[in-house]
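Below: the structure, in structure tokens.
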Amino acid sequence: QTAVADTFSQILHRPVEVCPMSVEAWQAQARAKGTDKRTIETAVAMFNYYAQHGMVGSPHVLRFLLGQEPTTLATVITRAVAS
């Protein structure tokens with residue numbers, strides 16, 4: 001999370017901080033927005049898994065699946081800021 005905030009900070013030339021939200025707070029917000037129960041339960045299971053095991057990925061596998069170089073986060077942010 002902090003690496004993503006750091007990337008935003010570098011591109012936007014201003015501080016960007018990570019403000020973690022508890023799973024309980026996220027659930028309450030999702031319910032208030034009308035998100036269905038199954039979607040909330042699935043997302044919570046995903047959040048808990050990532051909290052326990054991390055979010056492992058491989059740029060090599062992604063490159064293979066896409067058949068091209070993956071777009072970097074910095075490029076996505078730069079494009080969004082420019083539009």
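The chains in the structure tokens are called A, B, ... from first to last as shown; in each chain the residues are counted from 1, and the ligands are counted from 1 in the order shown.
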Problem set entry | Shell around Gln27 of chain A at 12 Å using only C-alpha atoms, local window under 6 positions removed, as a PyMOL selection string | chain A and resi 21+33-45+47
Output of the above residues as a PDB file, in the first residue's frame, restricted to C-alpha atoms:
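Once written, result-v2.pdb looks like this:
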ATOM      1  CA  MET A  21      -9.833   1.062   6.570  1.00  0.00           C
ATOM      2  CA  LYS A  33     -24.130   1.923  -0.730  1.00  0.00           C
ATOM      3  CA  GLY A  34     -26.435  -1.026  -1.441  1.00  0.00           C
ATOM      4  CA  THR A  35     -23.786  -3.615  -2.294  1.00  0.00           C
ATOM      5  CA  ASP A  36     -25.311  -7.085  -2.220  1.00  0.00           C
ATOM      6  CA  LYS A  37     -24.444  -9.520   0.567  1.00  0.00           C
ATOM      7  CA  ARG A  38     -22.648 -12.056  -1.645  1.00  0.00           C
ATOM      8  CA  THR A  39     -20.362  -9.394  -3.141  1.00  0.00           C
ATOM      9  CA  ILE A  40     -19.474  -8.122   0.331  1.00  0.00           C
ATOM     10  CA  GLU A  41     -18.773 -11.637   1.628  1.00  0.00           C
ATOM     11  CA  THR A  42     -16.593 -12.433  -1.391  1.00  0.00           C
ATOM     12  CA  ALA A  43     -14.614  -9.200  -1.037  1.00  0.00           C
ATOM     13  CA  VAL A  44     -14.120  -9.753   2.706  1.00  0.00           C
ATOM     14  CA  ALA A  45     -12.817 -13.273   2.050  1.00  0.00           C
ATOM     15  CA  PHE A  47      -9.269  -9.040   1.918  1.00  0.00           C
TER      16      PHE A  47
END
For this session: Extract the full set of helix (DSSP H, G or I) residues from chain A according to DSSP on the backbone, and format it as number ranges by chain.
Result: A: 2-12, 23-32, 37-53, 59-66, 73-82
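Across the structure, atom CA of Thr75 of chain A and atom CA of Asp6 of chain A are spaced 13.9 Å apart.
Across A:Tyr49, A:Ser83, A:Thr71, A:Val76, the tightest approach to Phe8 of chain A is made by A:Val76 when counting only C-alpha atoms.
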For this session: Determine the nearest neighbour of Ile77 of chain A from the options A:Val23, A:Tyr50, A:Ala5, A:Ala32, counting only C-alpha atoms.
Result: A:Ala5
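Across the structure, atom CA of Ala3 of chain A and atom CA of Pro15 of chain A are spaced 12.5 Å apart.
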